[in-house]
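S.K.: Below is entry-v2.txt; it holds compact mmCIF, C-alpha atoms.
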```txt
# COMPACT_ATOMS: atom_id res chain seq x y z
CA MET B 642 0.00 0.00 0.00
CA ILE B 643 1.34 3.40 -0.97
CA ARG B 644 0.06 6.65 0.50
CA ILE B 645 -0.33 9.19 -2.27
CA LEU B 646 -1.32 12.83 -2.48
CA ILE B 647 -3.10 13.77 -5.69
CA ALA B 648 -3.26 17.54 -6.16
CA LYS B 649 -4.15 20.09 -8.79
CA ILE B 650 -1.88 23.10 -8.95
CA GLY B 651 -2.59 26.67 -10.06
CA LEU B 652 -5.60 28.13 -11.80
CA ASP B 653 -6.90 24.93 -13.35
CA GLY B 654 -10.27 23.36 -12.69
CA HIS B 655 -9.93 20.37 -15.02
CA ASP B 656 -9.89 17.67 -12.39
CA ARG B 657 -11.38 14.72 -14.24
CA GLY B 658 -7.97 13.15 -14.88
CA ALA B 659 -6.97 13.61 -11.25
CA LYS B 660 -10.19 11.93 -10.13
CA ILE B 661 -9.77 9.01 -12.54
CA ILE B 662 -6.20 8.44 -11.34
CA SER B 663 -7.33 8.69 -7.70
CA LYS B 664 -10.04 6.10 -8.20
CA TYR B 665 -7.75 3.74 -10.08
CA LEU B 666 -5.13 3.92 -7.32
CA ARG B 667 -7.82 3.34 -4.70
CA ASP B 668 -8.90 0.24 -6.61
CA LYS B 669 -5.30 -0.98 -6.65
CA GLY B 670 -5.20 -0.86 -2.86
CA HIS B 671 -3.52 2.48 -2.20
CA GLU B 672 -4.56 5.26 0.15
CA VAL B 673 -5.12 8.41 -1.85
CA VAL B 674 -5.50 11.85 -0.31
CA TYR B 675 -7.30 13.98 -2.86
CA SER B 676 -6.69 17.63 -2.14
CA GLY B 677 -8.81 19.22 -4.88
CA ILE B 678 -8.17 22.10 -7.25
CA ARG B 679 -6.32 25.44 -7.19
CA HIS B 680 -3.45 24.63 -4.89
CA THR B 681 -0.27 26.66 -4.55
CA PRO B 682 3.15 24.99 -4.34
CA SER B 683 3.28 25.80 -0.63
CA SER B 684 -0.21 24.45 0.15
CA ILE B 685 0.67 21.14 -1.55
CA VAL B 686 3.80 20.84 0.57
CA LYS B 687 1.83 21.59 3.74
CA ILE B 688 -0.66 18.83 2.97
CA ALA B 689 2.17 16.41 2.09
CA ILE B 690 3.72 17.06 5.51
CA GLN B 691 0.48 16.70 7.49
CA GLU B 692 -0.50 13.54 5.64
CA ASP B 693 3.01 12.03 5.54
CA VAL B 694 2.54 10.75 1.99
CA ASP B 695 5.02 8.56 0.10
CA LEU B 696 4.40 10.28 -3.22
CA ILE B 697 2.99 13.49 -4.64
CA GLY B 698 1.09 13.34 -7.92
CA VAL B 699 0.38 16.72 -9.47
CA SER B 700 -2.10 17.14 -12.29
CA ILE B 701 -1.82 20.22 -14.48
CA LEU B 702 -3.52 21.06 -17.74
CA SER B 703 -3.33 24.83 -17.73
CA GLY B 704 0.05 25.18 -19.45
CA ALA B 705 1.66 26.85 -16.45
CA HIS B 706 3.77 23.80 -15.58
CA ASN B 707 7.11 25.46 -16.34
CA THR B 708 6.37 28.11 -13.72
CA LEU B 709 4.54 26.15 -11.05
CA ILE B 710 6.32 22.80 -10.96
CA PRO B 711 9.81 24.30 -10.36
CA GLN B 712 8.24 26.37 -7.56
CA LEU B 713 6.84 23.19 -6.03
CA LEU B 714 10.24 21.50 -6.20
CA LYS B 715 11.84 24.53 -4.57
CA GLU B 716 9.24 24.53 -1.80
CA LEU B 717 9.87 20.84 -1.12
CA LYS B 718 13.59 21.47 -0.95
CA LYS B 719 13.05 24.39 1.42
CA ASN B 720 11.17 22.03 3.74
CA LYS B 721 13.84 19.32 3.34
CA LEU B 722 11.26 16.93 1.91
CA LYS B 723 12.44 14.19 -0.43
CA THR B 724 8.98 12.98 -1.43
CA PRO B 725 9.04 11.98 -5.13
CA VAL B 726 6.92 14.18 -7.41
CA LEU B 727 5.09 12.83 -10.45
CA VAL B 728 3.43 15.18 -12.90
CA GLY B 729 0.52 14.38 -15.20
CA GLY B 730 -1.20 16.49 -17.81
CA ILE B 731 -0.72 18.24 -21.13
CA ILE B 732 3.05 18.69 -21.09
CA PRO B 733 5.03 19.01 -24.37
CA LYS B 734 7.95 16.58 -24.67
CA LYS B 735 10.67 19.20 -24.30
CA ASP B 736 9.01 20.65 -21.18
CA ALA B 737 8.70 17.16 -19.72
CA ASP B 738 12.43 16.58 -20.24
CA HIS B 739 13.14 19.92 -18.64
CA LEU B 740 10.96 19.19 -15.58
CA GLU B 741 12.52 15.75 -15.16
CA SER B 742 15.98 17.32 -15.31
CA LEU B 743 14.94 19.65 -12.49
CA GLY B 744 13.94 16.77 -10.23
CA VAL B 745 10.44 15.61 -11.19
CA LYS B 746 10.54 11.82 -10.95
CA LYS B 747 8.46 11.32 -14.08
CA VAL B 748 6.02 13.17 -16.31
CA PHE B 749 2.99 11.28 -17.58
CA HIS B 750 1.04 12.54 -20.58
CA THR B 751 -2.70 12.50 -21.10
CA VAL B 752 -2.47 9.28 -23.13
CA SER B 753 -0.59 7.34 -20.41
CA SER B 754 -2.22 4.08 -19.37
CA LEU B 755 -3.44 3.86 -15.79
CA ASP B 756 -1.89 0.44 -15.45
CA LYS B 757 1.55 1.69 -16.47
CA ILE B 758 1.36 4.60 -14.05
CA GLU B 759 0.42 2.33 -11.17
CA LYS B 760 3.19 -0.15 -12.00
CA TYR B 761 5.67 2.72 -12.07
CA LEU B 762 4.68 3.70 -8.51
CA HIS B 763 5.81 0.28 -7.32
CA GLU B 764 9.12 0.67 -9.12
CA ILE B 765 10.01 3.81 -7.20
CA ASN B 766 8.50 2.89 -3.85
CA MET M 361 12.72 -2.36 15.29
CA LYS M 362 12.98 -0.15 12.24
CA SER M 363 10.24 2.02 13.70
CA ILE M 364 11.97 2.37 17.07
CA LYS M 365 15.16 3.49 15.40
CA GLU M 366 13.32 6.10 13.39
CA LEU M 367 11.43 7.19 16.49
CA GLY M 368 14.71 7.88 18.26
CA ALA M 369 15.65 10.30 15.51
CA LEU M 370 12.22 11.98 15.60
CA LEU M 371 11.88 12.36 19.34
CA GLY M 372 13.71 15.67 19.73
CA ASP M 373 11.77 17.31 16.91
CA PHE M 374 8.49 15.92 18.24
CA LYS M 375 9.10 17.40 21.67
CA SER M 376 10.00 20.77 20.18
CA GLY M 377 6.74 20.87 18.25
CA SER M 378 7.66 19.83 14.70
CA ILE M 379 4.52 19.04 12.68
CA ARG M 380 6.55 16.82 10.42
CA ALA M 381 7.76 14.73 13.36
CA LEU M 382 4.20 14.47 14.66
CA SER M 383 2.98 13.40 11.26
CA ARG M 384 5.68 10.76 10.95
CA CYS M 385 4.91 9.40 14.44
CA ILE M 386 1.27 8.96 13.45
CA SER M 387 2.41 6.93 10.45
CA LEU M 388 4.62 4.77 12.66
CA ILE M 389 1.61 3.97 14.84
CA GLU M 390 -0.34 2.96 11.74
CA GLU M 391 2.46 0.97 10.13
CA PHE M 392 3.90 -0.91 13.13
CA PRO M 393 1.13 -2.28 15.36
CA GLN M 394 3.62 -4.40 17.33
CA ASP M 395 5.61 -1.32 18.38
CA ARG M 396 2.72 0.86 19.52
CA GLN M 397 3.39 0.38 23.21
CA THR M 398 7.01 1.52 22.86
CA ILE M 399 6.12 4.45 20.63
CA ILE M 400 3.43 5.73 22.99
CA SER M 401 5.62 5.44 26.07
CA LYS M 402 8.59 7.18 24.44
CA LEU M 403 6.45 10.11 23.31
CA LYS M 404 4.60 10.44 26.59
CA SER M 405 4.48 13.87 28.19
CA SER M 406 2.34 15.23 30.97
CA ARG M 407 0.13 17.76 29.27
CA PRO M 408 -3.49 18.48 30.11
CA THR M 409 -5.94 16.30 28.19
CA PRO M 410 -7.53 18.31 25.38
CA LEU M 411 -11.19 18.48 24.60
CA ILE M 412 -12.37 15.96 21.97
CA ILE M 413 -15.43 16.67 19.86
CA GLY M 414 -16.77 14.10 17.41
CA PHE M 415 -18.76 14.76 14.25
CA THR M 416 -20.67 11.85 12.79
CA GLY M 417 -23.54 11.23 10.38
CA PRO M 418 -24.38 9.76 6.97
CA PRO M 419 -22.10 10.25 3.92
CA GLY M 420 -22.44 13.57 2.13
CA VAL M 421 -24.44 15.25 4.83
CA GLY M 422 -21.86 18.02 5.38
CA LYS M 423 -19.66 16.90 8.28
CA SER M 424 -16.41 18.18 6.74
CA SER M 425 -18.02 21.43 5.61
CA ILE M 426 -19.44 22.07 9.07
CA ILE M 427 -16.05 21.36 10.66
CA ASN M 428 -14.49 23.77 8.17
CA LYS M 429 -16.79 26.57 9.28
CA MET M 430 -16.53 25.66 12.95
CA LEU M 431 -12.73 25.86 12.76
CA PHE M 432 -12.95 29.62 12.13
CA ARG M 433 -14.78 29.88 15.46
CA PHE M 434 -12.78 27.33 17.42
CA VAL M 435 -9.45 29.03 16.61
CA LYS M 436 -10.56 32.04 18.61
CA ARG M 437 -10.93 29.92 21.72
CA TYR M 438 -8.44 27.07 21.40
CA LYS M 439 -4.83 27.55 20.40
CA ARG M 440 -3.74 24.30 18.84
CA ILE M 441 -6.34 22.24 17.02
CA ALA M 442 -6.10 18.80 15.39
CA VAL M 443 -8.67 17.41 12.98
CA LEU M 444 -8.73 13.64 12.44
CA ALA M 445 -10.78 12.80 9.36
CA PHE M 446 -11.75 9.18 8.71
CA ASP M 447 -12.88 7.71 5.40
CA PRO M 448 -13.67 4.08 4.59
CA SER M 449 -11.14 1.54 3.29
CA SER M 450 -12.37 -0.62 0.46
CA SER M 451 -13.22 -4.14 1.56
CA ILE M 452 -12.41 -5.21 -2.01
CA SER M 453 -9.02 -3.56 -2.67
CA HIS M 454 -8.17 -2.27 0.84
CA GLY M 455 -7.45 1.07 -0.81
CA ALA M 456 -9.12 4.32 0.21
CA LEU M 457 -9.95 7.74 -1.13
CA LEU M 458 -9.38 10.27 1.63
CA GLY M 459 -11.39 13.29 0.65
CA ASP M 460 -12.48 15.11 3.80
CA ARG M 461 -9.73 17.68 4.05
CA ILE M 462 -10.60 19.05 0.62
CA ARG M 463 -13.38 20.99 2.41
CA MET M 464 -10.92 22.47 4.87
CA ASN M 465 -8.30 23.90 2.52
CA GLU M 466 -9.07 27.41 3.83
CA HIS M 467 -7.11 26.61 6.99
CA LEU M 468 -3.84 25.52 5.38
CA ASP M 469 -2.14 28.79 6.27
CA ASN M 470 -2.99 28.47 9.94
CA GLU M 471 -0.05 26.73 11.54
CA ASN M 472 -2.04 25.97 14.66
CA ILE M 473 -4.40 23.69 12.75
CA PHE M 474 -3.24 20.16 11.95
CA ILE M 475 -5.43 18.03 9.68
CA ARG M 476 -4.79 14.34 9.11
CA SER M 477 -6.78 11.83 7.05
CA PHE M 478 -7.20 8.20 8.06
CA ALA M 479 -8.59 5.15 6.32
CA SER M 480 -10.72 2.85 8.48
CA ARG M 481 -8.51 -0.14 7.49
CA GLY M 482 -10.95 -2.95 8.05
CA LYS M 483 -12.41 -1.64 11.28
CA PHE M 484 -16.16 -1.20 11.50
CA GLY M 485 -17.58 1.38 13.86
CA GLY M 486 -16.80 4.59 12.00
CA LEU M 487 -13.18 5.06 13.10
CA SER M 488 -10.07 2.88 12.89
CA SER M 489 -8.37 0.53 15.34
CA VAL M 490 -5.56 3.07 15.80
CA ILE M 491 -7.77 5.84 17.16
CA TYR M 492 -6.86 5.53 20.84
CA ASP M 493 -3.13 5.31 20.17
CA ILE M 494 -3.27 8.26 17.77
CA LEU M 495 -5.05 10.27 20.46
CA GLU M 496 -2.24 9.44 22.90
CA VAL M 497 0.28 10.78 20.38
CA LEU M 498 -1.74 13.97 19.97
CA PHE M 499 -2.08 14.38 23.74
CA SER M 500 1.70 14.14 24.11
CA PHE M 501 2.27 16.65 21.32
CA GLY M 502 0.04 19.18 23.01
CA PHE M 503 -3.28 20.13 21.43
CA ASP M 504 -6.05 22.09 23.07
CA LEU M 505 -8.86 20.73 20.94
CA ILE M 506 -9.23 17.60 18.82
CA LEU M 507 -12.04 17.27 16.29
CA ILE M 508 -12.80 13.81 14.96
CA GLU M 509 -14.81 13.24 11.82
CA THR M 510 -16.04 9.67 11.42
CA VAL M 511 -16.53 7.87 8.14
CA GLY M 512 -19.96 8.50 6.66
CA THR M 513 -22.04 6.35 8.98
CA GLY M 514 -25.00 4.06 8.62
CA GLN M 515 -27.21 3.43 11.60
CA ASN M 516 -24.86 1.25 13.55
CA GLU M 517 -21.47 2.95 13.67
CA ILE M 518 -21.39 4.58 17.06
CA GLU M 519 -17.85 4.14 18.29
CA ILE M 520 -17.31 7.90 18.27
CA ALA M 521 -19.57 8.26 21.32
CA GLN M 522 -17.11 6.13 23.30
CA VAL M 523 -14.15 8.22 22.18
CA ALA M 524 -15.29 11.86 22.14
CA ASP M 525 -16.19 14.12 25.05
CA ALA M 526 -19.16 15.31 23.01
CA THR M 527 -20.72 13.97 19.83
CA ILE M 528 -22.40 16.07 17.18
CA VAL M 529 -24.65 14.04 14.89
CA VAL M 530 -24.95 15.79 11.53
CA LEU M 531 -28.08 15.08 9.48
CA ASP M 532 -30.02 16.75 6.69
CA PRO M 533 -33.76 17.45 6.49
CA LEU M 534 -34.26 14.37 4.31
CA SER M 535 -32.81 11.93 6.84
CA GLY M 536 -36.13 10.15 7.35
CA ASP M 537 -39.29 10.44 9.39
CA SER M 538 -39.88 9.92 13.12
CA ILE M 539 -39.70 6.13 12.67
CA GLN M 540 -36.09 6.47 11.58
CA ALA M 541 -35.44 8.59 14.66
CA LEU M 542 -36.95 5.83 16.82
CA LYS M 543 -34.37 3.29 15.74
CA ALA M 544 -31.41 2.42 17.92
CA GLY M 545 -27.90 3.40 16.93
CA ILE M 546 -26.86 6.75 15.61
CA MET M 547 -30.00 8.55 16.80
CA GLU M 548 -29.14 7.66 20.40
CA ILE M 549 -25.62 9.01 20.61
CA GLY M 550 -25.86 12.71 19.79
CA ASP M 551 -25.18 15.33 22.43
CA ILE M 552 -26.27 17.80 19.76
CA TYR M 553 -28.05 17.16 16.46
CA ALA M 554 -27.12 19.51 13.61
CA VAL M 555 -29.59 19.54 10.72
CA ASN M 556 -27.52 20.81 7.81
CA LYS M 557 -28.61 21.92 4.32
CA ASN M 558 -31.72 23.61 5.61
CA ASP M 559 -31.83 25.64 2.39
CA VAL M 560 -32.49 22.58 0.22
CA VAL M 561 -35.66 21.59 2.04
CA PRO M 562 -37.27 23.51 4.90
CA SER M 563 -36.10 21.69 8.01
CA ALA M 564 -38.79 22.66 10.53
CA MET M 565 -40.86 19.52 9.95
CA TYR M 566 -37.83 17.27 10.27
CA GLU M 567 -36.69 18.98 13.46
CA LYS M 568 -40.14 18.47 14.96
CA ASN M 569 -40.19 14.82 13.90
CA ILE M 570 -36.93 13.99 15.59
CA GLN M 571 -37.54 16.20 18.58
CA GLN M 572 -40.63 14.25 19.63
CA ILE M 573 -38.51 11.11 19.70
CA LEU M 574 -35.21 12.47 21.04
CA TRP M 575 -36.63 14.52 23.89
CA ASP M 576 -37.70 12.83 27.07
CA LYS M 577 -37.73 13.40 30.80
CA HIS M 578 -33.98 12.88 31.19
CA LYS M 579 -32.50 14.27 28.05
CA ARG M 580 -33.22 17.14 25.72
CA PRO M 581 -30.40 17.27 23.18
CA LYS M 582 -30.29 20.50 21.17
CA ILE M 583 -31.44 20.23 17.58
CA VAL M 584 -29.75 22.93 15.54
CA PRO M 585 -30.76 23.78 11.96
CA CYS M 586 -27.82 25.09 9.97
CA ASN M 587 -26.29 25.60 6.57
CA ALA M 588 -22.56 25.13 6.11
CA GLN M 589 -22.62 26.97 2.78
CA SER M 590 -24.37 30.18 3.82
CA VAL M 591 -23.07 29.83 7.41
CA GLU M 592 -26.61 30.34 8.70
CA GLY M 593 -26.93 28.68 12.11
CA ILE M 594 -23.21 27.92 12.38
CA ASP M 595 -22.68 30.51 15.12
CA TYR M 596 -25.65 29.07 16.97
CA LEU M 597 -24.19 25.57 16.66
CA PHE M 598 -20.88 26.85 18.00
CA GLU M 599 -22.60 28.49 20.99
CA ASN M 600 -24.48 25.29 21.73
CA ILE M 601 -21.29 23.25 21.67
CA GLN M 602 -19.60 25.73 24.05
CA GLU M 603 -22.58 25.63 26.42
CA LEU M 604 -22.66 21.86 26.36
CA ILE M 605 -18.97 21.63 27.16
CA SER M 606 -19.17 23.99 30.13
CA GLU M 607 -22.20 22.08 31.38
CA TYR M 608 -20.26 18.80 31.04
CA ARG M 609 -17.31 20.32 32.90
CA LYS M 610 -19.47 21.51 35.77
CA GLY M 611 -21.47 18.31 36.07
CA ASN M 612 -18.37 16.10 36.09
CA ILE M 613 -19.67 14.44 32.93
CA LEU M 614 -16.34 15.04 31.17
CA VAL M 615 -14.53 13.12 33.89
CA HIS M 616 -16.98 10.28 33.52
CA LYS M 617 -16.68 10.25 29.71
CA ARG M 618 -12.91 10.20 29.94
CA SER M 619 -12.83 7.27 32.30
CA LEU M 620 -15.11 5.42 29.87
CA ARG M 621 -12.73 6.26 27.04
CA TYR M 622 -9.84 4.91 29.06
CA GLU M 623 -11.75 1.70 29.73
CA ASN M 624 -12.54 1.28 26.04
CA TYR M 625 -8.91 1.93 25.15
CA VAL M 626 -7.74 -0.80 27.49
CA LYS M 627 -10.35 -3.23 26.23
CA SER M 628 -9.57 -2.48 22.60
CA ILE M 629 -5.92 -3.47 23.13
CA VAL M 630 -6.89 -6.81 24.62
CA GLU M 631 -9.56 -7.47 22.01
CA TYR M 632 -7.12 -6.73 19.22
CA LYS M 633 -4.46 -9.09 20.61
CA ILE M 634 -6.91 -11.89 21.37
CA LEU M 635 -8.51 -11.63 17.96
CA GLU M 636 -5.15 -11.67 16.19
CA TYR M 637 -4.02 -14.69 18.21
CA TYR M 638 -7.10 -16.81 17.67
CA ARG M 639 -7.61 -15.76 14.09
CA LYS M 640 -4.14 -17.10 13.31
CA LYS M 641 -4.77 -20.28 15.26
CA PHE M 642 -8.08 -20.86 13.56
CA ASN M 643 -6.71 -20.23 10.08
CA GLU M 644 -4.03 -22.87 10.71
CA TYR M 645 -6.69 -25.26 11.99
CA TYR M 646 -9.02 -24.54 9.09
CA SER M 647 -6.31 -25.14 6.51
CA ARG M 648 -5.94 -28.68 7.90
CA VAL M 649 -9.68 -29.43 7.66
CA SER M 650 -10.08 -31.67 4.63
CA GLU M 651 -13.83 -32.06 4.34
CA LYS M 652 -15.17 -28.59 3.77
CA ASN M 653 -18.76 -29.42 2.87
CA LYS M 654 -19.73 -30.65 6.34
CA ASN M 655 -22.11 -28.79 8.58
CA PRO M 656 -20.06 -25.70 9.62
CA TYR M 657 -20.68 -26.43 13.31
CA GLU M 658 -19.04 -29.83 12.96
CA ILE M 659 -15.90 -28.10 11.77
CA THR M 660 -15.88 -25.28 14.31
CA SER M 661 -16.92 -27.07 17.50
CA PRO M 662 -13.73 -29.14 18.03
CA PHE M 663 -11.73 -25.92 17.70
CA LEU M 664 -13.96 -23.96 20.04
CA GLU M 665 -14.12 -26.76 22.59
CA LYS M 666 -10.36 -26.93 22.68
CA HIS M 667 -9.83 -23.18 23.08
CA LEU M 668 -12.85 -21.88 24.94
CA ARG M 669 -12.90 -24.36 27.75
```
Now, as a test, write the supplied structure out as structure tokens.

M.R.:
Amino acid sequence: MIRILIAKIGLDGHDRGAKIISKYLRDKGHEVVYSGIRHTPSSIVKIAIQEDVDLIGVSILSGAHNTLIPQLLKELKKNKLKTPVLVGGIIPKKDADHLESLGVKKVFHTVSSLDKIEKYLHEIN
Amino acid sequence: MKSIKELGALLGDFKSGSIRALSRCISLIEEFPQDRQTIISKLKSSRPTPLIIGFTGPPGVGKSSIINKMLFRFVKRYKRIAVLAFDPSSSISHGALLGDRIRMNEHLDNENIFIRSFASRGKFGGLSSVIYDILEVLFSFGFDLILIETVGTGQNEIEIAQVADATIVVLDPLSGDSIQALKAGIMEIGDIYAVNKNDVVPSAMYEKNIQQILWDKHKRPKIVPCNAQSVEGIDYLFENIQELISEYRKGNILVHKRSLRYENYVKSIVEYKILEYYRKKFNEYYSRVSEKNKNPYEITSPFLEKHLR
């Protein structure tokens, strides 16, 4: 069982993907804290601390990933948290490479299979 | 032993008030049942016991939303507040979706409010088997108020009344007629009944229906109509909770409730150990039974006779 925080970051209300992932992970036996929409980097880190999660999954479809995700990584570092961050959403290939080079564990695109995502969680946990 | 080693490293931070250390200690309690005794005793400090208020009621009735609004009022009176929010674990996958705190995001910037989600992990009753131990950890950390939100309850999940100093049963105006209020279980345990969502359907009829059942010569629990969205009635609910608590303090009822909680804590430890022990024994026994289409009593009675004599 993995304890996972699923969060939406920034001004982005498109939470269907986040909900589908949350339900799939629940059905695979994990405990999922779903934090809802419009979070800031610092509010995500606060929830991650209070909930002591093993992983943070951030969903973003607004296009602001290059601004917000580095801020999230910085905030985690500031709090000395080593929780792996996974990002899912509409992220162009070159941005995904960039985010992974900054410290995001992996970026999943909108076409990623749920099964593959879940299997990946076991690989890193 | 892994947990004890980690605990050693956390202890200093825990005692100096680190939320992260607290959070990690709660996880250790959940993950290492065999080490709970050691963890609790290492964390132990002599702080005054905080007030514990429980919120229970059917799924989707507004428990989290009411707690969210109440928090704005509680922070003016209590310094450090913890919210423990329980949601059900799947009996199919054992997974859980913990979605109570989503209603309380407004309080993330308040460092005096700590919110933690729990899955019920196979325990029926509306809470989880770790509840008493988690409370001990919170007592040692030093909170002034602890709010507990149960899983969305049916009629029969009433454990919260054995844990909390006061229990608020949250309902909505469509929670059934007076016959439903007559039934045993959840409609017996409220110290206060909050009827939420009174904008959806006028709640006066419902209040009357349950009042005629709930009120008798000995007990007249307050029935409070409210609306967590518009905040109508929330101040009134808060006042009623405060009045109830000071009444309970004066009448020594708090002392009585706390000794009951202690008794239930003790019993829960024994029950847990006994159940684990015999469950294991029985599973071994059952795996050796070859004929499995006999009358079930023929299979179980030799086992029971051997162990329950």

S.K.: Return as an MDAnalysis selection string the residues belonging to chain M that are within 8 Å of chain B, counting all atoms listed in the file.

M.R.: chainID M and resid 379:380 383:384 387 450 452:459 461:462 465 468:469 474:477 479

S.K.: Could you take the residues named above and write them with C-alpha atoms, as a compact mmCIF listing (two decimals), in the coordinates of the input?

M.R.:
```
# COMPACT_ATOMS: atom_id res chain seq x y z
CA ILE M 379 4.52 19.04 12.68
CA ARG M 380 6.55 16.82 10.42
CA SER M 383 2.98 13.40 11.26
CA ARG M 384 5.68 10.76 10.95
CA SER M 387 2.41 6.93 10.45
CA SER M 450 -12.37 -0.62 0.46
CA ILE M 452 -12.41 -5.21 -2.01
CA SER M 453 -9.02 -3.56 -2.67
CA HIS M 454 -8.17 -2.27 0.84
CA GLY M 455 -7.45 1.07 -0.81
CA ALA M 456 -9.12 4.32 0.21
CA LEU M 457 -9.95 7.74 -1.13
CA LEU M 458 -9.38 10.27 1.63
CA GLY M 459 -11.39 13.29 0.65
CA ARG M 461 -9.73 17.68 4.05
CA ILE M 462 -10.60 19.05 0.62
CA ASN M 465 -8.30 23.90 2.52
CA LEU M 468 -3.84 25.52 5.38
CA ASP M 469 -2.14 28.79 6.27
CA PHE M 474 -3.24 20.16 11.95
CA ILE M 475 -5.43 18.03 9.68
CA ARG M 476 -4.79 14.34 9.11
CA SER M 477 -6.78 11.83 7.05
CA ALA M 479 -8.59 5.15 6.32
```

S.K.: Region 568-584 of chain M: which residues within 7 Å, counting only C-alpha atoms, same-chain residues fewer than 6 positions away excluded, as a list in words?

M.R.: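 So the residues in contact are Asp537, Ser538, Ala541, Leu542, Asp551, Ile552, Tyr553, Ala554, Val555 and Leu597 of chain M.
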
S.K.: List as a PyMOL selection string the protein and nucleic acid residues near region 702-716 of chain B, meaning an atom at most 10 Å away when only C-alpha atoms are counted, but skip any in the same chain fewer than 6 places from it.

M.R.: chain B and resi 649-656+658+681-687+722-726+728-733+736-737+739-740+743-745+751

S.K.: What is the distance between CA of Ser500 (chain M) and CA of Lys423 (chain M), in Å to one decimal?

M.R.: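 Atom-to-atom, CA of Ser500 (chain M) and CA of Lys423 (chain M) are spaced 26.7 Å apart.
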
S.K.: Residues at most 8 Å from Ile594 (chain M), counting only C-alpha atoms, excluding those fewer than 5 positions away in the same chain, as a PyMOL selection string?

M.R.: chain M and resi 426+429-430+586-588

S.K.: How many Å separate CA of Gly502 (chain M) from CA of Lys436 (chain M)?

M.R.: 17.2 Å

S.K.: Record the distance separating CA of Arg407 (chain M) and CA of Ile528 (chain M), expressed in Å with one decimal.

M.R.: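 For CA of Arg407 (chain M) relative to CA of Ile528 (chain M), the distance reads 25.6 Å.
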
S.K.: Name the closest residue to Leu382 (chain M) among the candidates M:Val435, M:Leu495, M:Gly611, M:Val529; distances are taken between atoms, counting all atoms listed in the file.

M.R.: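 Once distances to Leu382 (chain M) are computed over all atoms listed in the file, the minimum belongs to M:Leu495.
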
S.K.: Between M:Phe663, M:Phe503, M:Tyr657, M:Tyr625, which is the closest to Lys641 (chain M) once you count only C-alpha atoms?

M.R.: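 With only C-alpha atoms as the atom set, the closest residue is M:Phe663.
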
S.K.: Can you pull out every residue within 12 Å of Ser628 (chain M), counting only C-alpha atoms, but drop anything in the same chain fewer than 6 positions away, and send it as a VMD selection string?

M.R.: chain M and resid 483 488 to 493 519 522 to 523 621 to 622 634 to 635

S.K.: Mind checking which residues fall within 8 Å of Thr510 (chain M), counting all atoms listed in the file, ignoring those fewer than 2 positions away in the same chain, and posting them as a list in words?

M.R.: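 Once the nearby chain positions are removed, what remains is Gly414, Phe415, Thr416, Gly417, Ala445, Phe446, Asp447, Gly486, Leu487, Ile508, Gly512, Thr513 and Ile520 of chain M.
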
S.K.: With only C-alpha atoms as the basis for distance, which of B:Leu696, B:Leu717, B:Leu727, B:Ala648 is at the shortest distance from Val748 (chain B)?

M.R.: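 Result for the nearest residue to Val748 (chain B): B:Leu727.
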
S.K.: Nearest residue to Ile494 (chain M) out of M:Ser449, M:Gln397, M:Thr527, M:Asn643, using all atoms listed in the file?

M.R.: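 Closest candidate: M:Gln397.
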